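J.: Supplied structure: target.cif, mmCIF, N, CA, C and O atoms.
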```
data_query
loop_
_atom_site.label_atom_id
_atom_site.label_comp_id
_atom_site.auth_asym_id
_atom_site.auth_seq_id
_atom_site.Cartn_x
_atom_site.Cartn_y
_atom_site.Cartn_z
N MET Q 1 7.07 29.84 -6.28
CA MET Q 1 6.68 28.66 -5.51
C MET Q 1 7.46 27.45 -6.01
O MET Q 1 7.62 27.23 -7.19
N GLU Q 2 7.92 26.62 -5.07
CA GLU Q 2 8.72 25.45 -5.43
C GLU Q 2 7.85 24.32 -5.96
O GLU Q 2 6.71 24.14 -5.55
N SER Q 3 8.44 23.55 -6.86
CA SER Q 3 7.77 22.35 -7.35
C SER Q 3 7.73 21.34 -6.21
O SER Q 3 8.65 21.25 -5.42
N PRO Q 4 6.66 20.53 -6.13
CA PRO Q 4 6.58 19.51 -5.06
C PRO Q 4 7.76 18.55 -5.09
O PRO Q 4 8.13 18.00 -4.06
N ASP Q 5 8.38 18.35 -6.25
CA ASP Q 5 9.54 17.45 -6.34
C ASP Q 5 10.75 18.01 -5.62
O ASP Q 5 11.66 17.27 -5.25
N ASN Q 6 10.79 19.33 -5.43
CA ASN Q 6 11.94 19.97 -4.80
C ASN Q 6 11.76 20.16 -3.30
O ASN Q 6 12.65 20.62 -2.62
N VAL Q 7 10.60 19.82 -2.78
CA VAL Q 7 10.31 20.01 -1.37
C VAL Q 7 10.59 18.71 -0.63
O VAL Q 7 10.08 17.65 -0.99
N SER Q 8 11.43 18.79 0.42
CA SER Q 8 11.76 17.57 1.16
C SER Q 8 10.63 17.12 2.07
O SER Q 8 10.47 15.95 2.34
N SER Q 9 9.86 18.06 2.58
CA SER Q 9 8.69 17.69 3.39
C SER Q 9 7.69 18.82 3.30
O SER Q 9 8.03 19.98 3.08
N LYS Q 10 6.45 18.46 3.49
CA LYS Q 10 5.37 19.44 3.38
C LYS Q 10 4.29 19.07 4.38
O LYS Q 10 3.89 17.92 4.46
N GLN Q 11 3.84 20.04 5.15
CA GLN Q 11 2.78 19.78 6.12
C GLN Q 11 1.44 19.84 5.41
O GLN Q 11 1.17 20.74 4.62
N VAL Q 12 0.60 18.84 5.70
CA VAL Q 12 -0.72 18.76 5.10
C VAL Q 12 -1.73 18.49 6.20
O VAL Q 12 -1.52 17.61 7.03
N GLY Q 13 -2.80 19.24 6.19
CA GLY Q 13 -3.85 19.02 7.17
C GLY Q 13 -5.05 18.37 6.50
O GLY Q 13 -5.55 18.90 5.51
N VAL Q 14 -5.47 17.24 7.01
CA VAL Q 14 -6.64 16.55 6.45
C VAL Q 14 -7.51 16.04 7.58
O VAL Q 14 -7.06 15.85 8.70
N ARG Q 15 -8.76 15.77 7.25
CA ARG Q 15 -9.68 15.13 8.19
C ARG Q 15 -9.83 13.69 7.75
O ARG Q 15 -10.15 13.41 6.60
N LEU Q 16 -9.57 12.78 8.67
CA LEU Q 16 -9.67 11.36 8.36
C LEU Q 16 -11.07 10.84 8.65
O LEU Q 16 -11.66 11.20 9.67
N PRO Q 17 -11.56 9.96 7.80
CA PRO Q 17 -12.82 9.28 8.14
C PRO Q 17 -12.61 8.48 9.43
O PRO Q 17 -11.50 8.03 9.72
N GLY Q 18 -13.68 8.29 10.16
CA GLY Q 18 -13.60 7.61 11.46
C GLY Q 18 -12.94 6.25 11.41
O GLY Q 18 -12.12 5.91 12.26
N HIS Q 19 -13.26 5.45 10.39
CA HIS Q 19 -12.70 4.10 10.33
C HIS Q 19 -11.19 4.13 10.13
O HIS Q 19 -10.47 3.31 10.69
N LEU Q 20 -10.70 5.10 9.36
CA LEU Q 20 -9.24 5.21 9.19
C LEU Q 20 -8.57 5.73 10.46
O LEU Q 20 -7.50 5.27 10.84
N TYR Q 21 -9.21 6.70 11.12
CA TYR Q 21 -8.65 7.22 12.36
C TYR Q 21 -8.53 6.11 13.40
O TYR Q 21 -7.49 5.95 14.03
N ARG Q 22 -9.59 5.31 13.56
CA ARG Q 22 -9.56 4.23 14.55
C ARG Q 22 -8.48 3.20 14.20
O ARG Q 22 -7.78 2.71 15.08
N TRP Q 23 -8.34 2.89 12.92
CA TRP Q 23 -7.32 1.92 12.47
C TRP Q 23 -5.92 2.44 12.79
O TRP Q 23 -5.09 1.71 13.35
N LEU Q 24 -5.66 3.71 12.49
CA LEU Q 24 -4.35 4.29 12.78
C LEU Q 24 -4.13 4.43 14.28
O LEU Q 24 -3.03 4.20 14.78
N LYS Q 25 -5.18 4.78 15.02
CA LYS Q 25 -5.08 4.92 16.48
C LYS Q 25 -4.73 3.59 17.12
O LYS Q 25 -3.92 3.54 18.06
N GLU Q 26 -5.29 2.49 16.60
CA GLU Q 26 -4.95 1.16 17.11
C GLU Q 26 -3.46 0.87 16.92
O GLU Q 26 -2.82 0.26 17.78
N LYS Q 27 -2.91 1.31 15.81
CA LYS Q 27 -1.49 1.10 15.55
C LYS Q 27 -0.63 1.88 16.53
O LYS Q 27 0.41 1.40 16.98
N VAL Q 28 -1.07 3.08 16.87
CA VAL Q 28 -0.35 3.88 17.87
C VAL Q 28 -0.48 3.23 19.25
O VAL Q 28 0.50 3.05 19.97
N ASP Q 29 -1.71 2.85 19.60
CA ASP Q 29 -1.96 2.24 20.92
C ASP Q 29 -1.21 0.93 21.10
O ASP Q 29 -0.81 0.59 22.21
N SER Q 30 -1.01 0.18 20.02
CA SER Q 30 -0.31 -1.10 20.12
C SER Q 30 1.21 -0.91 20.15
O SER Q 30 1.94 -1.88 20.35
N GLY Q 31 1.66 0.32 19.92
CA GLY Q 31 3.10 0.59 19.96
C GLY Q 31 3.80 0.46 18.62
O GLY Q 31 5.01 0.62 18.54
N GLU Q 32 3.04 0.19 17.57
CA GLU Q 32 3.66 0.09 16.24
C GLU Q 32 4.23 1.44 15.80
O GLU Q 32 5.25 1.50 15.13
N TYR Q 33 3.55 2.52 16.17
CA TYR Q 33 4.01 3.88 15.89
C TYR Q 33 3.96 4.69 17.17
O TYR Q 33 3.16 4.43 18.06
N SER Q 34 4.79 5.73 17.23
CA SER Q 34 4.85 6.53 18.45
C SER Q 34 3.74 7.57 18.53
O SER Q 34 3.35 7.99 19.62
N ASN Q 35 3.23 8.01 17.39
CA ASN Q 35 2.14 8.99 17.40
C ASN Q 35 1.35 8.90 16.10
O ASN Q 35 1.72 8.18 15.18
N MET Q 36 0.26 9.66 16.03
CA MET Q 36 -0.62 9.59 14.86
C MET Q 36 0.08 10.05 13.59
O MET Q 36 -0.11 9.46 12.53
N ALA Q 37 0.89 11.09 13.68
CA ALA Q 37 1.59 11.58 12.49
C ALA Q 37 2.49 10.49 11.92
O ALA Q 37 2.51 10.27 10.70
N GLN Q 38 3.19 9.80 12.79
CA GLN Q 38 4.07 8.72 12.32
C GLN Q 38 3.27 7.57 11.72
O GLN Q 38 3.71 6.94 10.77
N SER Q 39 2.09 7.30 12.28
CA SER Q 39 1.28 6.21 11.73
C SER Q 39 0.78 6.56 10.33
O SER Q 39 0.79 5.72 9.43
N VAL Q 40 0.39 7.80 10.13
CA VAL Q 40 -0.06 8.23 8.80
C VAL Q 40 1.09 8.14 7.81
O VAL Q 40 0.96 7.57 6.72
N ILE Q 41 2.24 8.68 8.17
CA ILE Q 41 3.41 8.66 7.29
C ILE Q 41 3.84 7.23 7.01
O ILE Q 41 4.10 6.85 5.86
N GLY Q 42 3.89 6.40 8.03
CA GLY Q 42 4.32 5.01 7.86
C GLY Q 42 3.40 4.22 6.96
O GLY Q 42 3.86 3.50 6.06
N GLU Q 43 2.10 4.35 7.16
CA GLU Q 43 1.15 3.59 6.35
C GLU Q 43 1.10 4.11 4.92
O GLU Q 43 0.98 3.32 3.98
N LEU Q 44 1.22 5.41 4.72
CA LEU Q 44 1.27 5.94 3.35
C LEU Q 44 2.53 5.49 2.63
O LEU Q 44 2.51 5.16 1.44
N THR Q 45 3.64 5.44 3.35
CA THR Q 45 4.90 4.99 2.75
C THR Q 45 4.80 3.52 2.36
O THR Q 45 5.23 3.13 1.27
N LYS Q 46 4.21 2.69 3.24
CA LYS Q 46 4.02 1.27 2.90
C LYS Q 46 3.14 1.12 1.67
O LYS Q 46 3.42 0.32 0.77
N THR Q 47 2.07 1.90 1.62
CA THR Q 47 1.13 1.82 0.50
C THR Q 47 1.81 2.21 -0.79
O THR Q 47 1.63 1.56 -1.83
N ARG Q 48 2.61 3.27 -0.75
CA ARG Q 48 3.32 3.69 -1.96
C ARG Q 48 4.28 2.61 -2.43
O ARG Q 48 4.35 2.30 -3.63
N ALA Q 49 5.02 2.03 -1.52
CA ALA Q 49 5.98 0.98 -1.88
C ALA Q 49 5.26 -0.22 -2.48
O ALA Q 49 5.70 -0.79 -3.49
N LEU Q 50 4.14 -0.62 -1.88
CA LEU Q 50 3.37 -1.75 -2.41
C LEU Q 50 2.81 -1.45 -3.80
O LEU Q 50 2.82 -2.31 -4.68
N GLU Q 51 2.34 -0.23 -3.98
CA GLU Q 51 1.80 0.15 -5.29
C GLU Q 51 2.89 0.12 -6.36
O GLU Q 51 2.69 -0.38 -7.46
N GLU Q 52 4.07 0.67 -6.02
CA GLU Q 52 5.18 0.66 -6.98
C GLU Q 52 5.61 -0.76 -7.30
O GLU Q 52 5.88 -1.10 -8.45
N MET Q 53 5.66 -1.62 -6.29
CA MET Q 53 6.03 -3.01 -6.49
C MET Q 53 4.99 -3.71 -7.38
O MET Q 53 5.34 -4.45 -8.30
N ARG Q 54 3.72 -3.46 -7.12
CA ARG Q 54 2.65 -4.06 -7.91
C ARG Q 54 2.74 -3.62 -9.37
O ARG Q 54 2.60 -4.44 -10.28
N LEU Q 55 3.01 -2.36 -9.60
CA LEU Q 55 3.12 -1.86 -10.97
C LEU Q 55 4.30 -2.50 -11.70
O LEU Q 55 4.20 -2.85 -12.87
N ARG Q 56 5.43 -2.67 -11.00
CA ARG Q 56 6.60 -3.32 -11.62
C ARG Q 56 6.29 -4.77 -11.94
O ARG Q 56 6.66 -5.27 -12.99
N GLU Q 57 5.64 -5.47 -11.02
CA GLU Q 57 5.39 -6.90 -11.20
C GLU Q 57 4.34 -7.17 -12.27
O GLU Q 57 4.47 -8.12 -13.02
N THR Q 58 3.31 -6.36 -12.35
CA THR Q 58 2.30 -6.59 -13.37
C THR Q 58 2.87 -6.33 -14.75
O THR Q 58 2.44 -6.96 -15.72
N SER Q 59 3.84 -5.45 -14.87
CA SER Q 59 4.42 -5.20 -16.19
C SER Q 59 5.22 -6.42 -16.68
O SER Q 59 5.38 -6.62 -17.87
N ARG Q 60 5.71 -7.25 -15.75
CA ARG Q 60 6.42 -8.47 -16.15
C ARG Q 60 5.52 -9.43 -16.90
O ARG Q 60 5.93 -10.14 -17.79
N TYR Q 61 4.25 -9.46 -16.50
CA TYR Q 61 3.31 -10.40 -17.09
C TYR Q 61 2.56 -9.80 -18.28
O TYR Q 61 1.78 -10.47 -18.91
N ASP Q 62 2.80 -8.54 -18.55
CA ASP Q 62 2.05 -7.85 -19.60
C ASP Q 62 2.36 -8.45 -20.97
O ASP Q 62 3.50 -8.46 -21.41
N VAL Q 63 1.34 -8.96 -21.63
CA VAL Q 63 1.54 -9.57 -22.95
C VAL Q 63 0.78 -8.79 -24.01
O VAL Q 63 0.62 -9.27 -25.13
N GLY Q 64 0.31 -7.63 -23.70
CA GLY Q 64 -0.42 -6.84 -24.66
C GLY Q 64 -1.71 -6.31 -24.08
O GLY Q 64 -1.96 -6.41 -22.89
N GLU Q 65 -2.53 -5.80 -24.93
CA GLU Q 65 -3.77 -5.19 -24.49
C GLU Q 65 -4.97 -6.13 -24.54
O GLU Q 65 -6.10 -5.71 -24.42
N GLU Q 66 -4.73 -7.41 -24.76
CA GLU Q 66 -5.83 -8.35 -24.85
C GLU Q 66 -6.54 -8.45 -23.50
O GLU Q 66 -5.93 -8.75 -22.47
N PRO Q 67 -7.86 -8.22 -23.47
CA PRO Q 67 -8.60 -8.20 -22.19
C PRO Q 67 -8.50 -9.51 -21.41
O PRO Q 67 -8.34 -9.47 -20.19
N LEU Q 68 -8.57 -10.65 -22.08
CA LEU Q 68 -8.50 -11.92 -21.35
C LEU Q 68 -7.13 -12.08 -20.69
O LEU Q 68 -7.05 -12.47 -19.52
N ALA Q 69 -6.07 -11.76 -21.40
CA ALA Q 69 -4.72 -11.86 -20.83
C ALA Q 69 -4.58 -10.91 -19.64
O ALA Q 69 -3.99 -11.27 -18.62
N GLN Q 70 -5.15 -9.73 -19.75
CA GLN Q 70 -5.08 -8.76 -18.65
C GLN Q 70 -5.83 -9.29 -17.43
O GLN Q 70 -5.33 -9.20 -16.31
N MET Q 71 -7.01 -9.87 -17.64
CA MET Q 71 -7.77 -10.43 -16.52
C MET Q 71 -7.02 -11.57 -15.85
O MET Q 71 -6.98 -11.66 -14.62
N VAL Q 72 -6.41 -12.43 -16.63
CA VAL Q 72 -5.64 -13.55 -16.08
C VAL Q 72 -4.46 -13.02 -15.29
O VAL Q 72 -4.19 -13.48 -14.17
N ASN Q 73 -3.75 -12.04 -15.84
CA ASN Q 73 -2.60 -11.47 -15.14
C ASN Q 73 -3.00 -10.81 -13.83
O ASN Q 73 -2.32 -10.94 -12.82
N GLU Q 74 -4.12 -10.11 -13.83
CA GLU Q 74 -4.59 -9.47 -12.60
C GLU Q 74 -4.94 -10.52 -11.55
O GLU Q 74 -4.64 -10.35 -10.37
N ARG Q 75 -5.56 -11.60 -11.97
CA ARG Q 75 -5.92 -12.67 -11.02
C ARG Q 75 -4.68 -13.34 -10.46
O ARG Q 75 -4.60 -13.62 -9.27
N ILE Q 76 -3.69 -13.60 -11.33
CA ILE Q 76 -2.43 -14.20 -10.87
C ILE Q 76 -1.78 -13.29 -9.85
O ILE Q 76 -1.32 -13.75 -8.80
N GLU Q 77 -1.75 -12.00 -10.12
CA GLU Q 77 -1.13 -11.05 -9.20
C GLU Q 77 -1.90 -11.00 -7.87
O GLU Q 77 -1.30 -10.93 -6.81
N SER Q 78 -3.22 -11.07 -7.94
CA SER Q 78 -4.03 -11.06 -6.73
C SER Q 78 -3.75 -12.28 -5.86
O SER Q 78 -3.57 -12.18 -4.64
N VAL Q 79 -3.69 -13.45 -6.48
CA VAL Q 79 -3.40 -14.68 -5.74
C VAL Q 79 -2.00 -14.62 -5.14
O VAL Q 79 -1.78 -15.00 -3.98
N ARG Q 80 -1.03 -14.09 -5.90
CA ARG Q 80 0.34 -13.98 -5.42
C ARG Q 80 0.40 -13.08 -4.18
O ARG Q 80 1.03 -13.41 -3.18
N ARG Q 81 -0.32 -11.94 -4.24
CA ARG Q 81 -0.34 -11.04 -3.08
C ARG Q 81 -0.99 -11.69 -1.87
O ARG Q 81 -0.53 -11.55 -0.74
N GLU Q 82 -2.08 -12.43 -2.09
CA GLU Q 82 -2.75 -13.13 -0.99
C GLU Q 82 -1.82 -14.14 -0.35
O GLU Q 82 -1.77 -14.28 0.88
N LEU Q 83 -1.08 -14.87 -1.17
CA LEU Q 83 -0.13 -15.87 -0.63
C LEU Q 83 0.98 -15.19 0.16
O LEU Q 83 1.36 -15.67 1.24
N LEU Q 84 1.51 -14.09 -0.35
CA LEU Q 84 2.55 -13.36 0.38
C LEU Q 84 2.01 -12.84 1.72
O LEU Q 84 2.71 -12.93 2.73
N ASP Q 85 0.79 -12.33 1.72
CA ASP Q 85 0.18 -11.85 2.97
C ASP Q 85 0.03 -12.98 3.96
O ASP Q 85 0.28 -12.82 5.17
N GLU Q 86 -0.39 -14.15 3.48
CA GLU Q 86 -0.56 -15.31 4.36
C GLU Q 86 0.78 -15.74 4.96
O GLU Q 86 0.88 -16.07 6.14
N VAL Q 87 1.82 -15.75 4.15
CA VAL Q 87 3.15 -16.12 4.63
C VAL Q 87 3.60 -15.13 5.71
O VAL Q 87 4.11 -15.52 6.76
N LYS Q 88 3.37 -13.84 5.47
CA LYS Q 88 3.75 -12.81 6.46
C LYS Q 88 2.98 -13.01 7.76
O LYS Q 88 3.54 -12.89 8.84
N ARG Q 89 1.66 -13.29 7.65
CA ARG Q 89 0.86 -13.51 8.86
C ARG Q 89 1.36 -14.71 9.66
O ARG Q 89 1.41 -14.68 10.87
N ARG Q 90 1.71 -15.77 8.97
CA ARG Q 90 2.17 -16.98 9.67
C ARG Q 90 3.53 -16.78 10.33
O ARG Q 90 3.82 -17.39 11.34
N ARG Q 91 4.36 -15.94 9.74
CA ARG Q 91 5.68 -15.66 10.32
C ARG Q 91 5.58 -14.76 11.55
O ARG Q 91 6.43 -14.79 12.41
N ALA Q 92 4.54 -13.92 11.58
CA ALA Q 92 4.39 -12.95 12.68
C ALA Q 92 3.93 -13.61 13.96
O ALA Q 92 3.52 -14.69 14.07
#
```
What would you get if you wrote out this structure as structure tokens?
T.:
Amino acid sequence: MESPDNVSSKQVGVRLPGHLYRWLKEKVDSGEYSNMAQSVIGELTKTRALEEMRLRETSRYDVGEEPLAQMVNERIESVRRELLDEVKRRRA
């Protein structure tokens, strides 16, 4: 059996909770994606990219294991993400 790292694509069957299905269906209906499979792939890809970016950015502020510093860094990162989201919404 091949390692998942060596597989270029893999079919996975899952059942989505209703709220996620409706959210993805709205994206298809609005024309953002051509079908449900593409909406799932697209949103998972966006999520992965955002997570990787968040991990890289939080490491920039990492000053050690001190809990207070960690809490401050998390709050700074949260505010930064909120501001970026607001800028994106206003541009759209």
J.: What does the structure give for the distance between atom CA of Ser39 of chain Q and atom CA of Lys27 of chain Q, in Å to one decimal?
T.: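 Atom-to-atom, atom CA of Ser39 of chain Q to atom CA of Lys27 of chain Q, that is 7.0 Å.
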J.: Could you name the residues that touch Met36 of chain Q at 9 Å or less, counting only C-alpha atoms, but leaving out those on the same chain fewer than 2 positions away, as an NGL selection string?
T.: :Q and (21 or 24-25 or 27-28 or 33-34 or 38-41)
J.: So which residues of chain Q fall under alpha helix (DSSP H) by DSSP, listed as an NGL selection string?
T.: :Q and (18-29 or 36-61 or 67-91)
J.: If I take atom C of Gly42 of chain Q and atom CA of Ser78 of chain Q, how far is one from the other in Å, to one decimal?
T.: 21.8 Å
J.: Which distance in Å separates atom C of Arg80 of chain Q and atom C of Glu57 of chain Q, to one decimal?
T.: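 Separation of atom C of Arg80 of chain Q and atom C of Glu57 of chain Q: 10.8 Å.
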